[in-house]
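Structure data (mmCIF, C-alpha atoms) from run29.cif:
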```
data_start
#
loop_
_atom_site.label_atom_id
_atom_site.label_comp_id
_atom_site.auth_asym_id
_atom_site.auth_seq_id
_atom_site.Cartn_x
_atom_site.Cartn_y
_atom_site.Cartn_z
CA MET A 937 -2.07 -17.35 -0.19
CA PRO A 938 -2.35 -15.34 3.01
CA ASP A 939 -5.73 -14.47 4.45
CA SER A 940 -6.95 -11.33 2.74
CA ALA A 941 -8.96 -9.86 5.62
CA SER A 942 -6.15 -10.03 8.16
CA LEU A 943 -3.67 -8.68 5.59
CA GLN A 944 -6.01 -5.76 4.98
CA GLN A 945 -6.25 -5.09 8.68
CA ASP A 946 -2.48 -5.28 9.10
CA LEU A 947 -1.89 -2.91 6.19
CA SER A 948 -4.17 -0.34 7.76
CA ARG A 949 -2.08 -0.60 10.92
CA VAL A 950 1.19 -0.37 8.99
CA ALA A 951 -0.12 2.95 7.68
CA LEU A 952 0.01 4.14 11.29
CA GLY A 953 3.53 2.97 11.86
CA ASP A 954 2.73 -0.35 13.54
CA ARG A 955 5.93 -2.41 13.32
CA ALA A 956 4.39 -5.64 14.55
CA ALA A 957 1.75 -5.47 11.82
CA PHE A 958 4.48 -4.75 9.29
CA GLN A 959 6.37 -7.84 10.35
CA ARG A 960 3.20 -9.92 10.10
CA VAL A 961 2.68 -8.68 6.54
CA TYR A 962 6.28 -9.58 5.69
CA ARG A 963 6.02 -13.04 7.23
CA ALA A 964 2.76 -13.79 5.45
CA THR A 965 3.74 -12.58 1.99
CA SER A 966 7.51 -12.40 1.53
CA ALA A 967 7.99 -15.94 0.21
CA HIS A 968 5.35 -15.51 -2.44
CA LEU A 969 6.59 -12.06 -3.41
CA PHE A 970 10.21 -13.23 -3.46
CA GLY A 971 9.14 -16.00 -5.85
CA VAL A 972 7.55 -13.42 -8.14
CA ALA A 973 10.67 -11.22 -8.11
CA LEU A 974 12.93 -14.21 -8.67
CA ARG A 975 10.94 -15.33 -11.73
CA ILE A 976 11.41 -11.91 -13.28
CA LEU A 977 15.01 -11.25 -12.31
CA ASN A 978 16.40 -14.80 -12.27
CA ARG A 979 19.12 -13.61 -9.89
CA ARG A 980 18.82 -14.00 -6.14
CA ASP A 981 20.84 -10.90 -5.26
CA LEU A 982 18.71 -8.65 -7.45
CA ALA A 983 15.50 -10.31 -6.27
CA GLU A 984 16.54 -9.71 -2.64
CA ASP A 985 17.13 -6.03 -3.41
CA ALA A 986 13.79 -5.75 -5.17
CA LEU A 987 11.99 -7.39 -2.24
CA GLN A 988 13.75 -5.10 0.24
CA GLU A 989 12.82 -1.98 -1.71
CA ALA A 990 9.27 -3.19 -2.17
CA PHE A 991 8.79 -3.55 1.58
CA VAL A 992 10.39 -0.18 2.30
CA ASN A 993 7.82 1.15 -0.14
CA VAL A 994 5.01 -0.74 1.62
CA TRP A 995 6.05 0.79 4.96
CA HIS A 996 5.95 4.31 3.58
CA ASN A 997 2.90 3.94 1.36
CA ALA A 998 0.58 1.62 3.24
CA GLY A 999 -1.64 4.67 3.71
CA SER A 1000 -2.25 4.81 -0.02
CA TYR A 1001 -3.49 1.22 -0.12
CA GLN A 1002 -7.21 1.36 -0.82
CA ALA A 1003 -8.97 -1.63 0.59
CA ALA A 1004 -11.98 -0.91 -1.58
CA ALA A 1005 -9.96 -0.75 -4.79
CA SER A 1006 -7.92 -3.94 -4.69
CA GLN A 1007 -7.05 -7.08 -2.81
CA PRO A 1008 -4.02 -6.61 -0.55
CA MET A 1009 -2.09 -9.34 -2.37
CA THR A 1010 -2.79 -7.74 -5.75
CA TRP A 1011 -1.44 -4.44 -4.41
CA LEU A 1012 1.69 -6.07 -2.97
CA ILE A 1013 2.37 -8.06 -6.15
CA ALA A 1014 2.13 -4.87 -8.21
CA ILE A 1015 4.71 -3.14 -5.98
CA VAL A 1016 7.12 -6.07 -6.14
CA ARG A 1017 6.75 -6.47 -9.89
CA ASN A 1018 7.43 -2.75 -10.40
CA LYS A 1019 10.58 -2.92 -8.29
CA ALA A 1020 11.71 -6.07 -10.08
CA LEU A 1021 11.12 -4.44 -13.48
CA ASP A 1022 13.15 -1.43 -12.34
CA HIS A 1023 16.04 -3.71 -11.40
CA LEU A 1024 15.73 -5.59 -14.63
CA ARG A 1025 16.22 -2.41 -16.59
CA ALA A 1026 19.03 -1.27 -14.33
CA ALA A 1027 20.89 -4.51 -14.84
CA GLN A 1028 20.36 -4.20 -18.61
CA ARG A 1029 20.27 -7.89 -18.83
CA HIS A 1030 19.57 -9.59 -22.10
CA VAL A 1031 17.22 -12.15 -20.75
CA ALA A 1032 16.63 -13.82 -24.05
CA SER A 1033 20.22 -14.94 -24.22
CA SER A 1034 20.03 -16.66 -20.86
CA ILE A 1035 16.70 -18.36 -21.41
CA ASP A 1036 17.46 -20.54 -24.33
CA GLU A 1037 19.98 -20.04 -27.03
CA GLU A 1038 20.51 -21.62 -30.32
CA SER A 1039 23.70 -23.59 -30.37
CA GLU A 1040 25.95 -23.65 -33.40
CA ASP A 1041 24.36 -26.71 -34.89
CA GLY A 1042 20.98 -25.01 -34.79
CA THR A 1043 19.37 -26.98 -31.95
CA THR A 1044 17.88 -25.10 -29.03
CA VAL A 1045 19.57 -25.64 -25.70
CA GLU A 1046 18.55 -24.52 -22.24
CA ILE A 1047 21.09 -22.29 -20.57
CA ALA A 1048 21.21 -21.31 -16.92
CA ASP A 1049 17.52 -20.91 -16.40
CA GLU A 1050 15.80 -23.06 -13.83
CA ARG A 1051 12.62 -21.05 -13.97
CA PRO A 1052 9.49 -22.96 -14.86
CA ASN A 1053 8.16 -22.43 -18.33
CA PRO A 1054 5.97 -19.29 -18.32
CA MET A 1055 3.25 -21.03 -20.32
CA GLN A 1056 3.09 -23.73 -17.65
CA LEU A 1057 2.85 -21.08 -14.96
CA MET A 1058 -0.02 -19.45 -16.77
CA VAL A 1059 -1.87 -22.73 -17.05
CA GLN A 1060 -1.34 -23.44 -13.33
CA ALA A 1061 -2.31 -19.93 -12.26
CA THR A 1062 -5.58 -20.06 -14.09
CA GLU A 1063 -6.59 -23.51 -12.86
CA GLY A 1064 -10.28 -23.34 -12.05
CA MET A 1065 -10.45 -19.60 -12.70
CA ARG A 1066 -12.54 -17.64 -15.15
CA VAL A 1067 -9.38 -16.12 -16.55
CA ARG A 1068 -8.40 -19.65 -17.69
CA ALA A 1069 -11.18 -19.89 -20.23
CA CYS A 1070 -10.33 -16.41 -21.46
CA MET A 1071 -6.66 -17.29 -21.83
CA GLU A 1072 -7.53 -20.43 -23.75
CA LYS A 1073 -9.55 -18.39 -26.21
CA LEU A 1074 -6.48 -16.33 -27.11
CA ASP A 1075 -4.30 -17.26 -30.06
CA ALA A 1076 -1.28 -19.26 -28.95
CA SER A 1077 1.07 -16.46 -30.03
CA HIS A 1078 -0.89 -13.89 -27.98
CA ARG A 1079 -0.92 -16.15 -24.97
CA GLN A 1080 2.78 -16.90 -25.18
CA SER A 1081 3.85 -13.29 -25.55
CA LEU A 1082 1.71 -12.30 -22.55
CA ALA A 1083 3.19 -15.11 -20.45
CA LEU A 1084 6.78 -14.22 -21.34
CA ALA A 1085 6.22 -10.53 -20.60
CA TYR A 1086 4.35 -11.15 -17.35
CA TYR A 1087 6.40 -13.90 -15.71
CA HIS A 1088 9.87 -13.08 -17.01
CA GLY A 1089 9.48 -9.34 -17.35
CA LEU A 1090 10.51 -9.41 -20.99
CA SER A 1091 10.21 -6.31 -23.14
CA HIS A 1092 8.60 -6.35 -26.58
CA SER A 1093 11.95 -6.82 -28.30
CA GLU A 1094 13.02 -9.52 -25.86
CA VAL A 1095 9.75 -11.37 -26.44
CA ALA A 1096 10.36 -11.01 -30.18
CA GLU A 1097 13.85 -12.43 -29.82
CA GLN A 1098 12.58 -15.26 -27.68
CA MET A 1099 9.74 -16.16 -30.03
CA ARG A 1100 11.81 -15.48 -33.14
CA ALA A 1101 9.12 -13.21 -34.46
CA PRO A 1102 9.20 -9.67 -35.87
CA LEU A 1103 8.96 -6.92 -33.28
CA GLY A 1104 5.88 -5.40 -34.94
CA SER A 1105 4.01 -8.69 -34.72
CA VAL A 1106 4.87 -9.12 -31.04
CA LYS A 1107 3.64 -5.62 -30.23
CA ALA A 1108 0.37 -6.40 -31.99
CA TRP A 1109 0.04 -9.80 -30.23
CA VAL A 1110 0.55 -8.22 -26.83
CA ARG A 1111 -1.92 -5.44 -27.52
CA ARG A 1112 -4.60 -7.71 -28.98
CA GLY A 1113 -3.99 -10.35 -26.32
CA LEU A 1114 -4.62 -7.78 -23.59
CA GLU A 1115 -7.67 -6.33 -25.34
CA ARG A 1116 -9.26 -9.73 -25.85
CA LEU A 1117 -8.45 -10.85 -22.33
CA LYS A 1118 -10.18 -7.76 -20.94
CA LYS A 1119 -13.20 -8.17 -23.19
CA CYS A 1120 -13.56 -11.83 -22.28
CA LEU A 1121 -13.24 -11.19 -18.52
CA GLU A 1122 -15.80 -8.39 -18.74
CA SER A 1123 -18.32 -10.48 -20.65
CA ALA A 1124 -17.99 -13.26 -18.10
CA GLU A 1125 -18.65 -10.93 -15.17
CA MET B 458 0.28 12.84 -25.59
CA ASN B 459 -3.35 13.09 -24.69
CA TYR B 460 -3.91 10.83 -21.69
CA ASP B 461 -7.60 11.65 -21.48
CA ARG B 462 -8.50 9.31 -24.31
CA PRO B 463 -9.86 6.29 -22.45
CA GLU B 464 -8.71 3.71 -25.00
CA LEU B 465 -5.17 5.10 -25.00
CA LEU B 466 -5.17 5.20 -21.22
CA ASP B 467 -6.34 1.60 -21.12
CA LYS B 468 -3.64 0.47 -23.53
CA LEU B 469 -0.90 2.26 -21.58
CA ALA B 470 -2.22 0.96 -18.25
CA SER B 471 -2.37 -2.62 -19.53
CA GLU B 472 1.19 -2.56 -20.88
CA TYR B 473 2.41 -0.79 -17.76
CA VAL B 474 1.03 -3.58 -15.56
CA LEU B 475 2.19 -6.31 -17.94
CA GLY B 476 5.64 -4.72 -17.87
CA THR B 477 6.09 -4.10 -21.59
CA LEU B 478 5.82 -0.32 -21.20
CA ARG B 479 9.48 0.58 -20.81
CA GLY B 480 12.01 3.32 -20.52
CA ARG B 481 10.93 6.91 -20.76
CA ALA B 482 7.37 5.95 -21.68
CA ARG B 483 7.10 4.09 -18.37
CA ARG B 484 8.51 7.04 -16.38
CA ARG B 485 6.14 9.43 -18.13
CA PHE B 486 3.19 7.18 -17.41
CA GLU B 487 4.22 6.99 -13.74
CA GLN B 488 4.01 10.79 -13.62
CA VAL B 489 0.55 10.62 -15.15
CA LEU B 490 -0.43 8.08 -12.48
CA ARG B 491 0.60 10.43 -9.69
CA ALA B 492 -1.55 13.22 -11.12
CA HIS B 493 -4.64 11.43 -12.40
CA PRO B 494 -6.92 9.28 -10.24
CA ALA B 495 -8.64 7.97 -13.39
CA ALA B 496 -5.32 6.61 -14.64
CA ARG B 497 -4.69 5.02 -11.26
CA SER B 498 -8.02 3.24 -11.25
CA THR B 499 -7.41 1.97 -14.79
CA VAL B 500 -4.09 0.55 -13.59
CA HIS B 501 -5.76 -0.99 -10.53
CA ALA B 502 -8.24 -2.75 -12.81
CA TRP B 503 -5.37 -4.23 -14.84
CA GLU B 504 -3.46 -5.23 -11.71
CA ASP B 505 -6.58 -7.05 -10.67
CA ARG B 506 -6.91 -8.82 -14.05
CA LEU B 507 -3.26 -9.83 -14.38
CA GLY B 508 -2.43 -10.19 -10.69
CA ARG B 509 -4.15 -13.57 -10.55
CA LEU B 510 -1.53 -14.90 -12.94
CA ALA B 511 1.05 -14.55 -10.17
CA SER B 512 -0.69 -17.10 -7.96
CA SER B 513 1.08 -20.06 -9.60
CA VAL B 514 4.56 -18.74 -8.98
CA ALA B 515 6.15 -21.04 -6.42
CA PRO B 516 6.97 -19.27 -3.14
CA VAL B 517 10.66 -19.06 -2.26
CA LYS B 518 11.61 -18.14 1.28
CA PRO B 519 13.89 -15.11 1.16
CA PRO B 520 17.02 -15.24 3.33
CA ASP B 521 16.74 -13.63 6.80
CA ARG B 522 19.14 -10.86 5.77
CA VAL B 523 16.39 -9.28 3.65
CA TRP B 524 14.20 -8.63 6.69
CA ALA B 525 17.24 -7.47 8.65
CA ALA B 526 18.08 -5.00 5.87
CA ILE B 527 14.51 -3.70 5.75
CA GLU B 528 14.45 -3.19 9.51
CA ALA B 529 17.83 -1.48 9.43
CA ARG B 530 16.60 0.94 6.79
CA LEU B 531 13.28 1.77 8.40
CA ILE B 532 13.64 1.34 12.09
CA PRO B 533 17.14 2.19 13.29
CA ALA B 534 17.94 0.44 16.55
CA PRO B 535 18.73 2.87 19.41
CA ARG B 536 22.31 1.62 19.64
CA ALA B 537 22.88 1.97 15.92
CA ALA B 538 21.35 5.41 16.11
CA VAL B 539 24.05 6.62 18.48
CA GLN B 540 26.75 5.50 16.07
CA ALA B 541 25.29 6.50 12.76
CA PRO B 542 24.51 10.12 11.91
CA SER B 543 21.62 9.06 9.71
CA GLY B 544 20.21 7.15 12.68
CA TRP B 545 20.37 10.31 14.76
CA ARG B 546 18.37 12.23 12.27
CA ALA B 547 15.77 9.52 12.29
CA TRP B 548 15.62 9.85 16.05
CA ILE B 549 15.27 13.59 16.09
CA ARG B 550 11.96 13.48 14.28
CA PRO B 551 9.87 11.68 16.91
CA LEU B 552 11.65 13.68 19.61
CA ALA B 553 10.82 16.91 17.82
CA GLY B 554 7.27 15.67 17.44
CA PHE B 555 7.04 14.96 21.14
CA ALA B 556 8.55 18.33 22.03
CA PHE B 557 6.10 20.00 19.73
CA GLY B 558 3.22 18.12 21.33
CA ALA B 559 4.37 19.16 24.79
CA VAL B 560 4.76 22.82 23.78
CA PHE B 561 1.44 22.63 22.05
CA ALA B 562 -0.27 21.24 25.12
CA ILE B 563 1.28 23.93 27.33
CA GLY B 564 0.25 26.58 24.85
CA LEU B 565 -3.23 25.22 24.96
CA VAL B 566 -3.38 25.49 28.72
CA VAL B 567 -2.01 29.02 28.64
CA ASN B 568 -4.25 30.24 25.86
CA ASP B 569 -7.35 28.39 26.75
CA PRO B 570 -7.42 28.06 30.52
CA GLY B 571 -11.10 27.24 30.37
CA ARG B 572 -10.26 23.87 28.94
CA PHE B 573 -7.99 22.86 31.79
CA VAL B 574 -9.43 24.01 35.04
CA SER B 575 -8.17 23.76 38.58
CA VAL B 576 -9.30 21.15 41.02
CA ASP B 577 -11.27 23.84 42.81
CA ASP B 578 -13.15 24.64 39.66
CA VAL B 579 -13.89 20.99 39.26
CA ALA B 580 -15.28 20.90 42.72
CA GLN B 581 -17.48 23.87 41.92
CA SER B 582 -18.75 22.65 38.63
CA ARG B 583 -18.98 19.05 37.57
CA GLN B 584 -19.57 20.27 34.02
CA ALA B 585 -15.99 21.46 33.75
CA LEU B 586 -14.05 18.29 34.51
CA PRO B 587 -10.54 18.39 33.08
CA GLN B 588 -10.04 16.64 29.79
CA SER B 589 -8.44 13.30 30.46
CA TYR B 590 -7.97 11.68 27.07
CA VAL B 591 -6.42 13.83 24.39
CA GLY B 592 -5.53 12.96 20.83
CA LEU B 593 -3.76 15.25 18.39
CA LEU B 594 -4.37 14.17 14.80
CA VAL B 595 -2.03 15.38 12.08
CA ASN B 596 -2.35 15.24 8.30
CA ASP B 597 0.11 13.65 5.84
CA ALA B 598 2.28 16.76 5.97
CA GLY B 599 2.45 16.53 9.76
CA ASP B 600 0.27 19.59 10.39
CA PRO B 601 -1.88 19.35 13.54
CA THR B 602 -5.43 19.22 12.23
CA LEU B 603 -7.80 17.90 14.90
CA LEU B 604 -7.59 17.90 18.67
CA ALA B 605 -9.86 15.31 20.24
CA SER B 606 -10.43 15.40 23.96
CA SER B 607 -12.80 13.99 26.49
CA THR B 608 -13.17 13.65 30.21
CA ARG B 609 -12.28 10.36 31.77
CA TYR B 610 -15.78 9.29 32.61
CA GLY B 611 -17.49 11.41 29.99
CA ARG B 612 -19.48 10.05 27.11
CA ARG B 613 -18.83 12.99 24.86
CA LEU B 614 -15.77 13.72 22.75
CA THR B 615 -14.90 17.30 21.83
CA VAL B 616 -13.13 17.70 18.51
CA LYS B 617 -11.44 21.03 17.88
CA PHE B 618 -10.60 21.88 14.28
CA LEU B 619 -7.11 23.35 14.01
CA ARG B 620 -7.19 23.12 10.24
CA PRO B 621 -10.07 22.65 7.82
CA VAL B 622 -10.91 19.09 6.82
CA ASP B 623 -12.53 18.59 3.43
CA PRO B 624 -14.74 15.51 3.68
CA ALA B 625 -15.16 15.51 -0.14
CA GLY B 626 -18.81 14.50 0.10
CA LYS B 627 -18.05 11.73 2.60
CA VAL B 628 -18.18 11.50 6.37
CA ILE B 629 -15.21 12.13 8.66
CA GLN B 630 -14.97 8.80 10.44
CA LEU B 631 -12.91 8.70 13.63
CA TRP B 632 -11.18 5.42 14.55
CA ALA B 633 -9.44 4.27 17.70
CA LEU B 634 -6.33 2.11 17.32
CA PRO B 635 -5.83 -0.12 20.35
CA ARG B 636 -2.33 -1.25 21.28
CA GLU B 637 -3.44 -4.75 20.30
CA GLY B 638 -6.13 -5.70 17.82
CA ALA B 639 -8.08 -4.06 15.07
CA PRO B 640 -9.12 -0.40 14.78
CA PHE B 641 -12.67 0.28 15.94
CA PRO B 642 -14.97 3.12 14.88
CA VAL B 643 -15.50 5.87 17.46
CA GLY B 644 -17.97 8.00 15.58
CA VAL B 645 -18.47 10.57 12.88
CA VAL B 646 -16.96 14.03 13.35
CA LYS B 647 -19.24 16.84 12.23
CA PRO B 648 -17.19 19.23 10.10
CA ALA B 649 -16.51 22.72 11.45
CA LYS B 650 -14.46 25.75 10.49
CA PRO B 651 -11.27 26.23 12.49
CA PRO B 652 -10.97 27.08 15.30
CA ALA B 653 -14.49 25.86 16.11
CA SER B 654 -15.15 22.59 17.93
CA THR B 655 -17.78 19.95 17.44
CA THR B 656 -18.76 17.14 19.71
CA LEU B 657 -19.68 13.54 19.16
CA ASP B 658 -21.40 11.16 21.51
CA LEU B 659 -19.46 8.09 22.59
CA ALA B 660 -20.86 4.59 22.91
CA ASP B 661 -19.28 4.27 26.38
CA THR B 662 -17.19 6.32 28.80
CA SER B 663 -13.88 7.40 27.37
CA GLU B 664 -12.09 5.51 30.15
CA ARG B 665 -13.61 2.26 28.92
CA LEU B 666 -13.15 3.08 25.24
CA PHE B 667 -9.68 4.60 25.23
CA SER B 668 -7.73 3.09 28.12
CA ASN B 669 -5.97 0.69 25.72
CA VAL B 670 -5.94 3.01 22.73
CA SER B 671 -2.60 4.43 21.67
CA ARG B 672 -3.62 6.24 18.52
CA LEU B 673 -6.60 7.89 16.86
CA ALA B 674 -7.11 8.15 13.12
CA VAL B 675 -9.58 9.50 10.59
CA SER B 676 -10.67 8.03 7.28
CA LEU B 677 -13.26 9.36 4.87
CA GLU B 678 -16.15 6.95 4.49
CA ASP B 679 -19.26 6.87 2.34
CA ALA B 680 -21.35 6.18 5.43
CA PRO B 681 -20.71 6.06 9.19
CA ALA B 682 -18.82 2.86 10.04
CA ALA B 683 -20.76 0.21 11.91
CA GLY B 684 -19.28 -1.67 14.87
CA GLY B 685 -16.78 -4.27 13.68
CA ALA B 686 -16.17 -2.44 10.39
CA LEU B 687 -12.69 -1.61 9.14
CA PRO B 688 -11.58 1.53 7.30
CA SER B 689 -12.34 1.26 3.57
CA GLY B 690 -9.59 3.66 2.59
CA PRO B 691 -6.39 5.22 3.88
CA PHE B 692 -6.25 7.24 7.07
CA VAL B 693 -6.13 10.92 6.13
CA LEU B 694 -5.32 11.99 9.69
CA ALA B 695 -3.68 10.13 12.54
CA GLY B 696 -1.98 10.84 15.82
CA ASN B 697 -1.19 9.71 19.32
CA CYS B 698 -3.86 9.42 21.96
CA VAL B 699 -2.71 9.97 25.53
CA LYS B 700 -4.27 9.91 28.97
CA LEU B 701 -3.37 13.12 30.72
CA TRP B 702 -4.67 12.26 34.18
#
```
What would the structure in this file look like if it were written as structure tokens?
Amino acid sequence: MPDSASLQQDLSRVALGDRAAFQRVYRATSAHLFGVALRILNRRDLAEDALQEAFVNVWHNAGSYQAAASQPMTWLIAIVRNKALDHLRAAQRHVASSIDEESEDGTTVEIADERPNPMQLMVQATEGMRVRACMEKLDASHRQSLALAYYHGLSHSEVAEQMRAPLGSVKAWVRRGLERLKKCLESAE
Amino acid sequence: MNYDRPELLDKLASEYVLGTLRGRARRRFEQVLRAHPAARSTVHAWEDRLGRLASSVAPVKPPDRVWAAIEARLIPAPRAAVQAPSGWRAWIRPLAGFAFGAVFAIGLVVNDPGRFVSVDDVAQSRQALPQSYVGLLVNDAGDPTLLASSTRYGRRLTVKFLRPVDPAGKVIQLWALPREGAPFPVGVVKPAKPPASTTLDLADTSERLFSNVSRLAVSLEDAPAAGGALPSGPFVLAGNCVKLW
């Protein structure tokens, strides 16, 4: 992860039209942000477009970045995820069908998805973090629906398809999962 | 829908950040975000909670063409600008800005000769040295808002208000942006009604402070910034700082 203080400083300079600072921000963060976009879109061309648009956005909106409100990386990740989600909708891709499909004999086969398992990503991300304990307290179904939505950008119905669960249940799992996660993080603070 | 209910706002913000808020509901919520600071801060809190999940995603170096495409979109090269009409338009803006600045400066001399005095006057009165460092700060809409000026060896900066600045209960913190390195705080500008001026005392002569400074900027801070501090929020005003003589 890039150094937060120097990123913050560079973003404040980008707000003033400093190209060198902008390039430093790109160099320090683009690989991580491209990874995030790629996990959601699972297509390099779309992920490249999303990354490009995200940085155009950063150039124009660096002035709205509030150092006091969030970490620079958190801000950048949010921009990239939003762009990636936009592309996902535009491409109208049925992600569930490319993640794993049931073959005719009823066994599950992996198709064309080299992305790491979202549950594994969640476990790795939370290594040694307070959010880990909070995630572990969630029901497995809550945890899994949050991971699928967050890492792969799946919608409620796509998560339902993926987990072979009714849409209503998935909506409730996501909502309760988020509520409990928030409560747990707040009580630990 | 009533977006003022905190629990509803929290639910929408959480699903917006998670990505499960889709379609028209997402677009509508984005409009709410633009209008309501409370909604924005709820979203920021969720970005903070969920953003840490992204740390385990393996970095993948994007191909060089992505950076090239970004640069091409934002910063047209001079050669490309001659060929492409869109590039020309992008060029006109800074030129127009410069022309405006020049006209503005001339207008200032014509209308306010007391500010720029002749060499003879200087000889007569050391109090009336010509302003050497001048910065014109504009707001987001590009309207000239503050004119900062100081004599080369002076330790006092005069700030003329061309437009009102609403500090919103905070202080108007002036920053200097050197060509290289981090912004440094210059001082706090006392608010005034246009076209009045206020002054602020400098830590050193303007020659020493501003000789490597290309831009000035203003952020609103809870308290005056200490040496070594960085702006806590966005710059609300910014503009070029030039040495006139």
Item to check | Residue contacts of range 1065-1079 of chain A (7 Å, all atoms listed in the file) excluding same-chain residues fewer than 2 positions away, as a PyMOL selection string | outcome: chain A and resi 1062-1063+1081-1083+1109-1110+1113+1117+1120-1121
Would you save the residues from that selection as a PDB file, in the coordinates of the input, using C-alpha atoms?
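Final output, result_18.pdb:
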```pdb
ATOM      1  CA  THR A1062      -5.580 -20.060 -14.090  1.00  0.00           C
ATOM      2  CA  GLU A1063      -6.590 -23.510 -12.860  1.00  0.00           C
ATOM      3  CA  SER A1081       3.850 -13.290 -25.550  1.00  0.00           C
ATOM      4  CA  LEU A1082       1.710 -12.300 -22.550  1.00  0.00           C
ATOM      5  CA  ALA A1083       3.190 -15.110 -20.450  1.00  0.00           C
ATOM      6  CA  TRP A1109       0.040  -9.800 -30.230  1.00  0.00           C
ATOM      7  CA  VAL A1110       0.550  -8.220 -26.830  1.00  0.00           C
ATOM      8  CA  GLY A1113      -3.990 -10.350 -26.320  1.00  0.00           C
ATOM      9  CA  LEU A1117      -8.450 -10.850 -22.330  1.00  0.00           C
ATOM     10  CA  CYS A1120     -13.560 -11.830 -22.280  1.00  0.00           C
ATOM     11  CA  LEU A1121     -13.240 -11.190 -18.520  1.00  0.00           C
TER      12      LEU A1121
END
```
Checklist entry - Would you list which chain A residues are within 7 Å of chain B using all atoms listed in the file, as an MDAnalysis selection string? => result chainID A and resid 945 966:968 970:972 984 988 992 999:1004 1006 1010 1013:1014 1057:1058 1060:1062 1085:1086 1089:1092 1114
Would you put the residues from that selection into a file with C-alpha atoms, as a compact mmCIF listing (two decimals), in the coordinates of the input?
```txt
# COMPACT_ATOMS: atom_id res chain seq x y z
CA GLN A 945 -6.25 -5.09 8.68
CA SER A 966 7.51 -12.40 1.53
CA ALA A 967 7.99 -15.94 0.21
CA HIS A 968 5.35 -15.51 -2.44
CA PHE A 970 10.21 -13.23 -3.46
CA GLY A 971 9.14 -16.00 -5.85
CA VAL A 972 7.55 -13.42 -8.14
CA GLU A 984 16.54 -9.71 -2.64
CA GLN A 988 13.75 -5.10 0.24
CA VAL A 992 10.39 -0.18 2.30
CA GLY A 999 -1.64 4.67 3.71
CA SER A 1000 -2.25 4.81 -0.02
CA TYR A 1001 -3.49 1.22 -0.12
CA GLN A 1002 -7.21 1.36 -0.82
CA ALA A 1003 -8.97 -1.63 0.59
CA ALA A 1004 -11.98 -0.91 -1.58
CA SER A 1006 -7.92 -3.94 -4.69
CA THR A 1010 -2.79 -7.74 -5.75
CA ILE A 1013 2.37 -8.06 -6.15
CA ALA A 1014 2.13 -4.87 -8.21
CA LEU A 1057 2.85 -21.08 -14.96
CA MET A 1058 -0.02 -19.45 -16.77
CA GLN A 1060 -1.34 -23.44 -13.33
CA ALA A 1061 -2.31 -19.93 -12.26
CA THR A 1062 -5.58 -20.06 -14.09
CA ALA A 1085 6.22 -10.53 -20.60
CA TYR A 1086 4.35 -11.15 -17.35
CA GLY A 1089 9.48 -9.34 -17.35
CA LEU A 1090 10.51 -9.41 -20.99
CA SER A 1091 10.21 -6.31 -23.14
CA HIS A 1092 8.60 -6.35 -26.58
CA LEU A 1114 -4.62 -7.78 -23.59
```
Checklist outcome for this item: For Leu952 in chain A, the closest of B:Val699, B:Ala625, B:Val646, B:Val595 counting all atoms listed in the file is B:Val595
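Residues surrounding Val961 in chain A within 10 Å are Pro938, Ser942, Leu943, Gln944, Gln945, Asp946, Leu947, Val950, Arg955, Ala956, Ala957, Phe958, Gln959, Arg963, Ala964, Thr965, Ser966, Phe991, Val994, Pro1008 and Leu1012 of chain A [only C-alpha atoms; sequence separation below 2 positions excluded].
Using the PyMOL selection byres ((chain B and resi 615-618) around 6) on the file at hand returns these residues: B:Leu603, B:Leu604, B:Ala605, B:Ser606, B:Leu614, B:Leu619, B:Arg620, B:Pro651, B:Pro652, B:Ala653, B:Ser654, B:Thr655, B:Thr656.
Pairwise distance (CA of Ser940 in chain A, CA of Ala1020 in chain A) equals 23.2 Å.
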Checklist entry - Mind telling me what the PyMOL selection byres ((chain B and resi 678) around 9) catches here, as an MDAnalysis selection string? => result chainID B and resid 624 627:630 676:677 679:682 688:690
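Atom to atom, CA of Val1106 in chain A and CA of Pro1054 in chain A stand 16.3 Å apart.
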Show me, as JSON, the centre and edge lengths in Å to one decimal of the axis-aligned box that covers every listed atom of range 648-651 of chain B with 6 Å on each side.
```
{"center_x": -14.2, "center_y": 22.7, "center_z": 11.3, "size_x": 17.9, "size_y": 19.0, "size_z": 14.4}
```
Checklist entry - Which residue gives the smallest distance to Asn993 in chain A among A:Arg980, A:Lys1107, A:Arg1112, A:Lys1019, with only C-alpha atoms counted? => result A:Lys1019
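Taking CA of Trp995 in chain A and CA of His1088 in chain A as the two end points, the separation is 26.3 Å.
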Output requested as a JSON list (two decimals), in the coordinates of the input - range 1013-1017 of chain A, filled out with N, CA and C atoms.
```
[["chain", "number", "residue", "atom", "x", "y", "z"],
["A", 1013, "ILE", "N", 1.74, -7.48, -4.96],
["A", 1013, "ILE", "CA", 2.37, -8.06, -6.15],
["A", 1013, "ILE", "C", 2.75, -6.96, -7.13],
["A", 1014, "ALA", "N", 1.85, -5.97, -7.28],
["A", 1014, "ALA", "CA", 2.13, -4.87, -8.21],
["A", 1014, "ALA", "C", 3.38, -4.11, -7.77],
["A", 1015, "ILE", "N", 3.53, -3.87, -6.47],
["A", 1015, "ILE", "CA", 4.71, -3.14, -5.98],
["A", 1015, "ILE", "C", 5.98, -3.94, -6.26],
["A", 1016, "VAL", "N", 5.93, -5.24, -5.94],
["A", 1016, "VAL", "CA", 7.12, -6.07, -6.14],
["A", 1016, "VAL", "C", 7.48, -6.18, -7.61],
["A", 1017, "ARG", "N", 6.47, -6.35, -8.46],
["A", 1017, "ARG", "CA", 6.75, -6.47, -9.89],
["A", 1017, "ARG", "C", 7.37, -5.17, -10.41]]
```
